[in-house]
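Student: One structure is given below, represented as C-alpha coordinates, and several questions about it will come after.
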Amino acid sequence: MADAKVDIFMPLYISDYDRDTADLSFEEHGFYGAILRALWTRGGVLQANDKQKLSRLLRTDESTLARLWPSVERFFVFRDDGTFHQKRLTLELEKAKRHKEIAVERARKGGLAKASSTTQSTTQSATSSTATSRPQALLEVCSSPSPSPSQSRDLGVSGSNPPLGDPDQTRARVDGPHPEISPPNGEVTAWGLVKLFGLVRAEAFPAAMPWVAPTRSTEKAESVVTAANDDPAVCADILPTMRLLFAKAKAGEYEKSSDILGSSSFGFGAWCSKFTDLQEELHGVSAPEPKTARPGGPIYRRLA
(Lines give C-alpha, C1' and ligand atoms only; values in the text may rest on other atoms or scores of the structure.)
Protein backbone atom coordinates (compact mmCIF):
# COMPACT_ATOMS: atom_id res chain seq x y z
CA MET A 1 0.00 0.00 0.00
CA ALA A 2 2.93 2.35 0.57
CA ASP A 3 3.65 2.26 -3.18
CA ALA A 4 0.02 2.77 -4.19
CA LYS A 5 -0.34 4.93 -7.26
CA VAL A 6 -1.31 8.48 -6.41
CA ASP A 7 -3.79 9.44 -9.07
CA ILE A 8 -4.84 12.80 -7.62
CA PHE A 9 -3.76 16.35 -8.39
CA MET A 10 -0.45 17.81 -7.23
CA PRO A 11 -1.12 20.55 -4.67
CA LEU A 12 0.51 23.96 -5.19
CA TYR A 13 0.47 26.48 -2.38
CA ILE A 14 0.59 29.70 -4.34
CA SER A 15 1.62 32.08 -1.56
CA ASP A 16 4.49 29.83 -0.45
CA TYR A 17 5.60 29.26 -4.03
CA ASP A 18 5.58 32.96 -4.92
CA ARG A 19 7.50 33.85 -1.78
CA ASP A 20 10.24 31.28 -2.43
CA THR A 21 10.56 31.87 -6.19
CA ALA A 22 10.18 35.64 -6.40
CA ASP A 23 13.62 36.03 -8.05
CA LEU A 24 13.04 33.50 -10.85
CA SER A 25 12.53 34.61 -14.44
CA PHE A 26 9.61 33.52 -16.58
CA GLU A 27 11.72 30.82 -18.21
CA GLU A 28 13.12 29.65 -14.88
CA HIS A 29 9.59 29.33 -13.47
CA GLY A 30 8.67 27.00 -16.32
CA PHE A 31 11.85 24.96 -15.84
CA TYR A 32 11.29 24.65 -12.09
CA GLY A 33 7.64 23.67 -12.61
CA ALA A 34 8.64 20.93 -15.07
CA ILE A 35 11.01 19.45 -12.48
CA LEU A 36 8.32 19.51 -9.77
CA ARG A 37 5.81 17.70 -12.01
CA ALA A 38 8.42 15.09 -12.95
CA LEU A 39 9.20 14.49 -9.28
CA TRP A 40 5.49 14.13 -8.43
CA THR A 41 4.78 11.52 -11.08
CA ARG A 42 7.95 9.51 -10.36
CA GLY A 43 7.70 8.94 -6.64
CA GLY A 44 9.38 12.18 -5.52
CA VAL A 45 12.95 11.22 -6.55
CA LEU A 46 14.96 11.92 -9.74
CA GLN A 47 18.48 11.03 -10.84
CA ALA A 48 20.72 14.12 -11.16
CA ASN A 49 23.86 12.49 -12.56
CA ASP A 50 22.39 11.42 -15.91
CA LYS A 51 22.02 14.84 -17.59
CA GLN A 52 20.89 13.37 -20.91
CA LYS A 53 18.04 11.35 -19.36
CA LEU A 54 17.02 14.27 -17.15
CA SER A 55 16.91 16.59 -20.16
CA ARG A 56 14.61 14.26 -22.08
CA LEU A 57 12.41 13.88 -19.03
CA LEU A 58 12.05 17.68 -18.79
CA ARG A 59 11.47 17.96 -22.58
CA THR A 60 14.54 20.16 -23.12
CA ASP A 61 18.17 19.78 -24.22
CA GLU A 62 21.34 19.44 -22.18
CA SER A 63 22.54 22.95 -22.91
CA THR A 64 19.28 24.49 -21.63
CA LEU A 65 19.47 22.22 -18.59
CA ALA A 66 23.01 23.36 -17.84
CA ARG A 67 22.02 27.02 -18.28
CA LEU A 68 18.88 26.98 -16.08
CA TRP A 69 19.88 24.43 -13.47
CA PRO A 70 21.92 26.78 -11.25
CA SER A 71 18.86 29.06 -10.73
CA VAL A 72 16.74 26.28 -9.18
CA GLU A 73 19.34 23.98 -7.64
CA ARG A 74 18.88 25.55 -4.20
CA PHE A 75 15.34 24.19 -3.92
CA PHE A 76 16.40 20.53 -3.90
CA VAL A 77 18.01 18.14 -1.45
CA PHE A 78 20.74 15.89 -2.90
CA ARG A 79 21.64 12.38 -1.69
CA ASP A 80 24.85 10.40 -1.86
CA ASP A 81 23.37 8.03 -4.47
CA GLY A 82 23.10 10.89 -7.00
CA THR A 83 19.34 11.39 -6.61
CA PHE A 84 17.54 14.51 -5.43
CA HIS A 85 14.11 15.48 -4.09
CA GLN A 86 12.20 18.59 -3.05
CA LYS A 87 11.44 18.59 0.66
CA ARG A 88 7.94 20.15 0.55
CA LEU A 89 6.90 18.04 -2.42
CA THR A 90 8.05 14.86 -0.67
CA LEU A 91 5.90 15.72 2.35
CA GLU A 92 2.85 16.39 0.19
CA LEU A 93 3.43 13.19 -1.79
CA GLU A 94 3.56 11.11 1.40
CA LYS A 95 0.37 12.78 2.59
CA ALA A 96 -1.33 11.98 -0.72
CA LYS A 97 -0.21 8.34 -0.44
CA ARG A 98 -1.70 8.10 3.05
CA HIS A 99 -4.99 9.53 1.83
CA LYS A 100 -4.96 7.03 -1.01
CA GLU A 101 -4.40 4.15 1.42
CA ILE A 102 -7.25 5.33 3.63
CA ALA A 103 -9.59 5.61 0.65
CA VAL A 104 -8.68 2.13 -0.56
CA GLU A 105 -9.20 0.66 2.92
CA ARG A 106 -12.55 2.39 3.31
CA ALA A 107 -13.65 1.08 -0.07
CA ARG A 108 -12.56 -2.42 0.93
CA LYS A 109 -14.44 -2.28 4.24
CA GLY A 110 -17.47 -0.80 2.49
CA GLY A 111 -17.48 -3.66 0.02
CA LEU A 112 -17.21 -6.21 2.81
CA ALA A 113 -19.98 -4.50 4.78
CA LYS A 114 -22.24 -4.43 1.73
CA ALA A 115 -21.59 -8.10 1.05
CA SER A 116 -22.25 -8.94 4.71
CA SER A 117 -25.46 -6.89 4.68
CA THR A 118 -26.67 -8.67 1.56
CA THR A 119 -25.93 -12.07 3.10
CA GLN A 120 -27.62 -11.11 6.37
CA SER A 121 -30.68 -9.78 4.53
CA THR A 122 -30.96 -13.02 2.56
CA THR A 123 -30.61 -15.06 5.76
CA GLN A 124 -33.23 -12.97 7.57
CA SER A 125 -35.64 -13.32 4.66
CA ALA A 126 -35.21 -17.07 4.73
CA THR A 127 -35.63 -17.12 8.52
CA SER A 128 -38.74 -14.96 8.32
CA SER A 129 -40.20 -17.24 5.64
CA THR A 130 -39.50 -20.28 7.79
CA ALA A 131 -40.89 -18.61 10.92
CA THR A 132 -44.26 -17.88 9.33
CA SER A 133 -44.68 -21.57 8.52
CA ARG A 134 -43.86 -22.87 12.01
CA PRO A 135 -46.85 -24.28 13.87
CA GLN A 136 -45.67 -22.60 17.06
CA ALA A 137 -45.94 -19.08 15.57
CA LEU A 138 -48.23 -16.92 17.69
CA LEU A 139 -51.12 -16.40 15.31
CA GLU A 140 -51.17 -20.03 14.26
CA VAL A 141 -50.93 -21.33 17.82
CA CYS A 142 -53.68 -18.91 18.85
CA SER A 143 -56.06 -19.95 16.08
CA SER A 144 -58.72 -21.08 18.54
CA PRO A 145 -62.49 -21.24 17.91
CA SER A 146 -64.08 -18.04 16.62
CA PRO A 147 -66.55 -16.06 18.75
CA SER A 148 -70.18 -17.07 18.82
CA PRO A 149 -72.55 -15.72 16.13
CA SER A 150 -73.88 -13.10 18.54
CA GLN A 151 -70.34 -11.98 19.36
CA SER A 152 -69.51 -11.84 15.64
CA ARG A 153 -72.49 -9.58 15.05
CA ASP A 154 -71.32 -7.32 17.87
CA LEU A 155 -67.85 -7.20 16.36
CA GLY A 156 -69.32 -6.31 12.99
CA VAL A 157 -67.34 -8.93 11.07
CA SER A 158 -70.29 -10.92 9.73
CA GLY A 159 -74.06 -10.78 9.45
CA SER A 160 -76.18 -7.94 8.13
CA ASN A 161 -74.31 -5.07 9.77
CA PRO A 162 -70.67 -5.16 8.46
CA PRO A 163 -68.18 -2.44 9.45
CA LEU A 164 -66.64 0.12 7.14
CA GLY A 165 -63.99 -1.27 4.79
CA ASP A 166 -63.53 -4.89 3.77
CA PRO A 167 -64.08 -7.20 6.81
CA ASP A 168 -62.77 -10.26 4.98
CA GLN A 169 -59.42 -8.60 4.32
CA THR A 170 -59.21 -7.33 7.91
CA ARG A 171 -59.88 -10.76 9.37
CA ALA A 172 -57.33 -12.30 7.01
CA ARG A 173 -54.67 -9.93 8.38
CA VAL A 174 -55.53 -10.94 11.94
CA ASP A 175 -55.91 -14.68 11.44
CA GLY A 176 -53.06 -15.21 8.97
CA PRO A 177 -49.37 -15.46 9.86
CA HIS A 178 -47.71 -12.14 10.57
CA PRO A 179 -43.89 -11.85 10.89
CA GLU A 180 -44.04 -9.09 13.51
CA ILE A 181 -46.37 -11.13 15.70
CA SER A 182 -44.77 -14.50 15.00
CA PRO A 183 -41.19 -14.39 16.33
CA PRO A 184 -38.67 -16.84 14.83
CA ASN A 185 -38.48 -18.91 18.03
CA GLY A 186 -42.25 -19.33 18.15
CA GLU A 187 -42.60 -17.66 21.57
CA VAL A 188 -45.25 -15.11 22.45
CA THR A 189 -43.84 -11.64 23.20
CA ALA A 190 -45.37 -8.58 24.87
CA TRP A 191 -44.77 -6.52 21.76
CA GLY A 192 -46.38 -9.25 19.68
CA LEU A 193 -49.52 -9.02 21.84
CA VAL A 194 -49.57 -5.24 21.40
CA LYS A 195 -49.37 -5.61 17.64
CA LEU A 196 -52.06 -8.30 17.61
CA PHE A 197 -54.39 -6.18 19.74
CA GLY A 198 -53.94 -3.30 17.31
CA LEU A 199 -55.00 -5.57 14.43
CA VAL A 200 -58.02 -6.86 16.35
CA ARG A 201 -59.04 -3.28 17.11
CA ALA A 202 -58.71 -2.45 13.42
CA GLU A 203 -60.90 -5.47 12.73
CA ALA A 204 -63.56 -4.06 15.04
CA PHE A 205 -63.18 -0.47 13.80
CA PRO A 206 -61.69 -0.39 10.28
CA ALA A 207 -62.15 3.40 10.13
CA ALA A 208 -60.01 3.99 13.26
CA MET A 209 -56.38 5.09 13.07
CA PRO A 210 -53.65 2.41 13.51
CA TRP A 211 -52.54 2.07 17.10
CA VAL A 212 -49.08 3.42 17.95
CA ALA A 213 -48.57 1.82 21.35
CA PRO A 214 -46.63 3.51 24.18
CA THR A 215 -43.76 1.51 25.65
CA ARG A 216 -45.54 0.99 28.97
CA SER A 217 -48.25 -1.01 27.21
CA THR A 218 -45.93 -3.99 26.92
CA GLU A 219 -45.36 -4.00 30.68
CA LYS A 220 -49.04 -4.74 31.25
CA ALA A 221 -48.83 -7.90 29.16
CA GLU A 222 -45.94 -9.67 30.90
CA SER A 223 -48.15 -11.95 33.00
CA VAL A 224 -50.15 -13.00 29.93
CA VAL A 225 -46.92 -13.59 28.00
CA THR A 226 -45.56 -15.84 30.74
CA ALA A 227 -48.78 -17.84 30.96
CA ALA A 228 -49.09 -18.16 27.17
CA ASN A 229 -45.53 -19.45 26.78
CA ASP A 230 -46.05 -21.96 29.62
CA ASP A 231 -49.40 -23.31 28.42
CA PRO A 232 -50.47 -23.66 24.74
CA ALA A 233 -54.11 -23.61 25.88
CA VAL A 234 -53.62 -20.11 27.27
CA CYS A 235 -51.95 -19.03 24.05
CA ALA A 236 -54.93 -20.39 22.11
CA ASP A 237 -57.25 -18.06 24.04
CA ILE A 238 -55.40 -14.83 23.19
CA LEU A 239 -57.09 -13.95 19.91
CA PRO A 240 -60.69 -14.92 20.86
CA THR A 241 -60.47 -13.10 24.20
CA MET A 242 -59.40 -9.90 22.42
CA ARG A 243 -62.41 -10.20 20.13
CA LEU A 244 -64.67 -11.01 23.08
CA LEU A 245 -63.47 -7.87 24.91
CA PHE A 246 -64.57 -5.67 22.02
CA ALA A 247 -67.87 -7.53 21.68
CA LYS A 248 -68.68 -7.02 25.36
CA ALA A 249 -67.54 -3.40 25.30
CA LYS A 250 -69.72 -2.69 22.27
CA ALA A 251 -72.61 -4.28 24.15
CA GLY A 252 -71.91 -1.96 27.09
CA GLU A 253 -71.20 -4.79 29.50
CA TYR A 254 -68.37 -2.98 31.29
CA GLU A 255 -68.51 0.06 33.51
CA LYS A 256 -65.87 1.68 31.28
CA SER A 257 -66.96 0.25 27.95
CA SER A 258 -66.69 3.64 26.29
CA ASP A 259 -63.10 3.99 27.50
CA ILE A 260 -62.21 0.55 26.15
CA LEU A 261 -63.68 1.44 22.78
CA GLY A 262 -62.34 4.96 22.68
CA SER A 263 -58.76 4.41 23.84
CA SER A 264 -56.63 1.64 22.37
CA SER A 265 -54.12 1.90 25.22
CA PHE A 266 -56.86 1.70 27.85
CA GLY A 267 -58.49 -1.17 25.96
CA PHE A 268 -55.24 -3.14 25.88
CA GLY A 269 -54.75 -2.66 29.61
CA ALA A 270 -58.35 -3.74 30.21
CA TRP A 271 -57.81 -6.87 28.13
CA CYS A 272 -54.66 -7.76 30.11
CA SER A 273 -56.42 -7.28 33.46
CA LYS A 274 -59.58 -9.12 32.36
CA PHE A 275 -57.80 -11.90 30.49
CA THR A 276 -58.66 -14.67 32.99
CA ASP A 277 -62.30 -13.55 33.26
CA LEU A 278 -62.58 -13.49 29.48
CA GLN A 279 -61.06 -16.98 29.32
CA GLU A 280 -63.60 -18.33 31.78
CA GLU A 281 -66.48 -16.76 29.91
CA LEU A 282 -65.09 -18.02 26.61
CA HIS A 283 -65.10 -21.58 27.95
CA GLY A 284 -68.38 -21.22 29.87
CA VAL A 285 -66.73 -21.48 33.28
CA SER A 286 -68.43 -18.42 34.77
CA ALA A 287 -71.51 -16.38 34.02
CA PRO A 288 -71.12 -13.20 31.93
CA GLU A 289 -70.70 -9.99 33.87
CA PRO A 290 -73.89 -7.97 34.35
CA LYS A 291 -74.39 -4.98 32.13
CA THR A 292 -73.53 -1.77 33.92
CA ALA A 293 -73.43 0.67 31.02
CA ARG A 294 -75.69 1.48 28.14
CA PRO A 295 -74.51 0.40 24.67
CA GLY A 296 -74.20 2.83 21.84
CA GLY A 297 -72.57 5.70 23.72
CA PRO A 298 -71.06 8.70 21.88
CA ILE A 299 -67.56 7.24 21.71
CA TYR A 300 -68.85 3.98 20.25
CA ARG A 301 -70.82 5.87 17.59
CA ARG A 302 -67.77 7.95 16.70
CA LEU A 303 -65.52 4.90 16.25
CA ALA A 304 -68.14 2.78 14.47
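Chain labels follow the order of the C-alpha coordinates: the first chain is A, the next B, and so on; residue numbering restarts at 1 in every chain, and ligands are counted from 1 in their shown order.
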Quick one: residues within 8 Å of region 266-274 of chain A, only C-alpha atoms, excluding same-chain residues fewer than 3 positions away - as a PyMOL selection string?
Tutor: chain A and resi 194+197+217+220-221+224+241-242+245+259-263+277-278
Student: Those residues with N, CA, C and O atoms, as a JSON list (two decimals), in the first residue's frame please?
Tutor:
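Below you can see result-v2.json, which holds the result:
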```json
[["chain", "number", "residue", "atom", "x", "y", "z"],
["A", 194, "VAL", "N", -49.17, -6.62, 21.71],
["A", 194, "VAL", "CA", -49.57, -5.24, 21.40],
["A", 194, "VAL", "C", -49.94, -5.12, 19.93],
["A", 194, "VAL", "O", -50.95, -4.52, 19.56],
["A", 197, "PHE", "N", -53.24, -6.92, 19.24],
["A", 197, "PHE", "CA", -54.39, -6.18, 19.74],
["A", 197, "PHE", "C", -54.73, -5.02, 18.80],
["A", 197, "PHE", "O", -55.91, -4.72, 18.57],
["A", 217, "SER", "N", -47.20, -0.04, 27.51],
["A", 217, "SER", "CA", -48.25, -1.01, 27.21],
["A", 217, "SER", "C", -47.73, -2.43, 27.31],
["A", 217, "SER", "O", -48.45, -3.34, 27.73],
["A", 220, "LYS", "N", -47.78, -4.20, 30.76],
["A", 220, "LYS", "CA", -49.04, -4.74, 31.25],
["A", 220, "LYS", "C", -49.26, -6.18, 30.82],
["A", 220, "LYS", "O", -50.05, -6.90, 31.42],
["A", 221, "ALA", "N", -48.57, -6.58, 29.75],
["A", 221, "ALA", "CA", -48.83, -7.90, 29.16],
["A", 221, "ALA", "C", -47.90, -8.99, 29.65],
["A", 221, "ALA", "O", -48.02, -10.13, 29.20],
["A", 224, "VAL", "N", -49.51, -12.22, 30.98],
["A", 224, "VAL", "CA", -50.15, -13.00, 29.93],
["A", 224, "VAL", "C", -49.10, -13.71, 29.07],
["A", 224, "VAL", "O", -49.26, -14.86, 28.68],
["A", 241, "THR", "N", -60.16, -13.97, 23.07],
["A", 241, "THR", "CA", -60.47, -13.10, 24.20],
["A", 241, "THR", "C", -60.37, -11.63, 23.81],
["A", 241, "THR", "O", -61.12, -10.79, 24.33],
["A", 242, "MET", "N", -59.46, -11.29, 22.91],
["A", 242, "MET", "CA", -59.40, -9.90, 22.42],
["A", 242, "MET", "C", -60.68, -9.54, 21.69],
["A", 242, "MET", "O", -61.25, -8.46, 21.89],
["A", 245, "LEU", "N", -63.53, -9.15, 24.19],
["A", 245, "LEU", "CA", -63.47, -7.87, 24.91],
["A", 245, "LEU", "C", -64.19, -6.78, 24.12],
["A", 245, "LEU", "O", -65.00, -6.03, 24.68],
["A", 259, "ASP", "N", -64.54, 3.78, 27.44],
["A", 259, "ASP", "CA", -63.10, 3.99, 27.50],
["A", 259, "ASP", "C", -62.35, 2.89, 26.75],
["A", 259, "ASP", "O", -61.34, 3.15, 26.08],
["A", 260, "ILE", "N", -62.84, 1.66, 26.87],
["A", 260, "ILE", "CA", -62.21, 0.55, 26.15],
["A", 260, "ILE", "C", -62.32, 0.75, 24.65],
["A", 260, "ILE", "O", -61.36, 0.52, 23.90],
["A", 261, "LEU", "N", -63.48, 1.22, 24.21],
["A", 261, "LEU", "CA", -63.68, 1.44, 22.78],
["A", 261, "LEU", "C", -62.97, 2.68, 22.28],
["A", 261, "LEU", "O", -62.51, 2.73, 21.14],
["A", 262, "GLY", "N", -62.89, 3.68, 23.13],
["A", 262, "GLY", "CA", -62.34, 4.96, 22.68],
["A", 262, "GLY", "C", -60.85, 5.11, 22.80],
["A", 262, "GLY", "O", -60.25, 5.95, 22.14],
["A", 263, "SER", "N", -60.21, 4.30, 23.64],
["A", 263, "SER", "CA", -58.76, 4.41, 23.84],
["A", 263, "SER", "C", -58.12, 3.04, 23.65],
["A", 263, "SER", "O", -58.38, 2.11, 24.43],
["A", 277, "ASP", "N", -60.83, -13.59, 33.28],
["A", 277, "ASP", "CA", -62.30, -13.55, 33.26],
["A", 277, "ASP", "C", -62.82, -13.83, 31.86],
["A", 277, "ASP", "O", -63.82, -14.55, 31.69],
["A", 278, "LEU", "N", -62.15, -13.26, 30.87],
["A", 278, "LEU", "CA", -62.58, -13.49, 29.48],
["A", 278, "LEU", "C", -62.38, -14.95, 29.09],
["A", 278, "LEU", "O", -63.20, -15.53, 28.37]]
```
Student: Set the distance at 10 Å and use only C-alpha atoms: which residues neighbour region 86-93 of chain A once local chain neighbours fewer than 3 positions away are removed? I'd like the list as a PyMOL selection string.
Tutor: chain A and resi 6+10-12+35-37+39-41+43-46+74-78+96-99
Student: Keeping N, CA and C atoms, export the residues of the selection given above as a tab-separated table (two decimals), in the first residue's frame.
Tutor:
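The result, written out as part.tsv:
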```tsv
chain	number	residue	atom	x	y	z
A	6	VAL	N	-0.60	7.28	-6.84
A	6	VAL	CA	-1.31	8.48	-6.41
A	6	VAL	C	-1.90	9.14	-7.65
A	10	MET	N	-1.59	17.37	-8.02
A	10	MET	CA	-0.45	17.81	-7.23
A	10	MET	C	-0.78	19.16	-6.62
A	11	PRO	N	-0.78	19.27	-5.30
A	11	PRO	CA	-1.12	20.55	-4.67
A	11	PRO	C	-0.03	21.60	-4.89
A	12	LEU	N	-0.43	22.84	-5.04
A	12	LEU	CA	0.51	23.96	-5.19
A	12	LEU	C	0.03	25.10	-4.32
A	35	ILE	N	10.31	20.37	-13.40
A	35	ILE	CA	11.01	19.45	-12.48
A	35	ILE	C	10.06	18.97	-11.38
A	36	LEU	N	9.25	19.89	-10.84
A	36	LEU	CA	8.32	19.51	-9.77
A	36	LEU	C	7.31	18.47	-10.27
A	37	ARG	N	6.78	18.66	-11.47
A	37	ARG	CA	5.81	17.70	-12.01
A	37	ARG	C	6.45	16.34	-12.25
A	39	LEU	N	9.02	15.10	-10.60
A	39	LEU	CA	9.20	14.49	-9.28
A	39	LEU	C	7.90	13.87	-8.78
A	40	TRP	N	6.78	14.60	-8.95
A	40	TRP	CA	5.49	14.13	-8.43
A	40	TRP	C	5.06	12.82	-9.08
A	41	THR	N	5.25	12.71	-10.36
A	41	THR	CA	4.78	11.52	-11.08
A	41	THR	C	5.75	10.36	-11.01
A	43	GLY	N	7.44	9.35	-8.01
A	43	GLY	CA	7.70	8.94	-6.64
A	43	GLY	C	8.50	9.92	-5.82
A	44	GLY	N	8.71	11.15	-6.31
A	44	GLY	CA	9.38	12.18	-5.52
A	44	GLY	C	10.89	12.19	-5.62
A	45	VAL	N	11.48	11.31	-6.45
A	45	VAL	CA	12.95	11.22	-6.55
A	45	VAL	C	13.36	11.17	-8.02
A	46	LEU	N	14.39	11.94	-8.39
A	46	LEU	CA	14.96	11.92	-9.74
A	46	LEU	C	16.47	11.74	-9.67
A	74	ARG	N	19.00	25.33	-5.65
A	74	ARG	CA	18.88	25.55	-4.20
A	74	ARG	C	17.59	24.98	-3.59
A	75	PHE	N	16.62	24.68	-4.44
A	75	PHE	CA	15.34	24.19	-3.92
A	75	PHE	C	15.34	22.68	-3.64
A	76	PHE	N	16.39	21.98	-4.00
A	76	PHE	CA	16.40	20.53	-3.90
A	76	PHE	C	17.39	20.02	-2.85
A	77	VAL	N	17.13	18.81	-2.41
A	77	VAL	CA	18.01	18.14	-1.45
A	77	VAL	C	18.66	16.97	-2.19
A	78	PHE	N	19.99	16.91	-2.15
A	78	PHE	CA	20.74	15.89	-2.90
A	78	PHE	C	21.21	14.79	-1.96
A	96	ALA	N	-0.42	12.47	0.31
A	96	ALA	CA	-1.33	11.98	-0.72
A	96	ALA	C	-1.39	10.45	-0.72
A	97	LYS	N	-0.23	9.80	-0.50
A	97	LYS	CA	-0.21	8.34	-0.44
A	97	LYS	C	-1.04	7.83	0.73
A	98	ARG	N	-0.92	8.51	1.89
A	98	ARG	CA	-1.70	8.10	3.05
A	98	ARG	C	-3.20	8.24	2.79
A	99	HIS	N	-3.58	9.34	2.16
A	99	HIS	CA	-4.99	9.53	1.83
A	99	HIS	C	-5.48	8.44	0.87
```
Student: Using only C-alpha atoms, which of A:Trp191, A:Arg19, A:Val72, A:Arg59 sits nearest Tyr32 (chain A)?
Tutor: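 Of A:Trp191, A:Arg19, A:Val72, A:Arg59, the one nearest Tyr32 (chain A), counting only C-alpha atoms, is A:Val72.
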Student: Can you work out the spacing between CA of Arg201 (chain A) and CA of Asp231 (chain A) in Å, to one decimal?
Tutor: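 That distance, rounded to one decimal, is 24.9 Å.
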Student: Please report the interatomic distance between CA of Ala204 (chain A) and CA of Lys248 (chain A) in Å with one decimal.
Tutor: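 According to the coordinates, CA of Ala204 (chain A) and CA of Lys248 (chain A) are separated by 11.9 Å.
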Student: Can you tell me how far CA of Pro210 (chain A) sits from CA of Ala249 (chain A), in Å to one decimal?
Tutor: 19.1 Å
Student: Counting only C-alpha atoms, figure out which residue out of A:Asp20, A:Glu187, A:Glu27, A:Asp50 gets nearest to Asn229 (chain A).
Tutor: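 Once distances to Asn229 (chain A) are computed over only C-alpha atoms, the minimum belongs to A:Glu187.
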Student: Between A:Ile14, A:Ser264, A:Gln279, A:Ala247, which is the closest to Trp211 (chain A) once you count only C-alpha atoms?
Tutor: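 Answer, going by the shortest atom-to-atom distance: A:Ser264.
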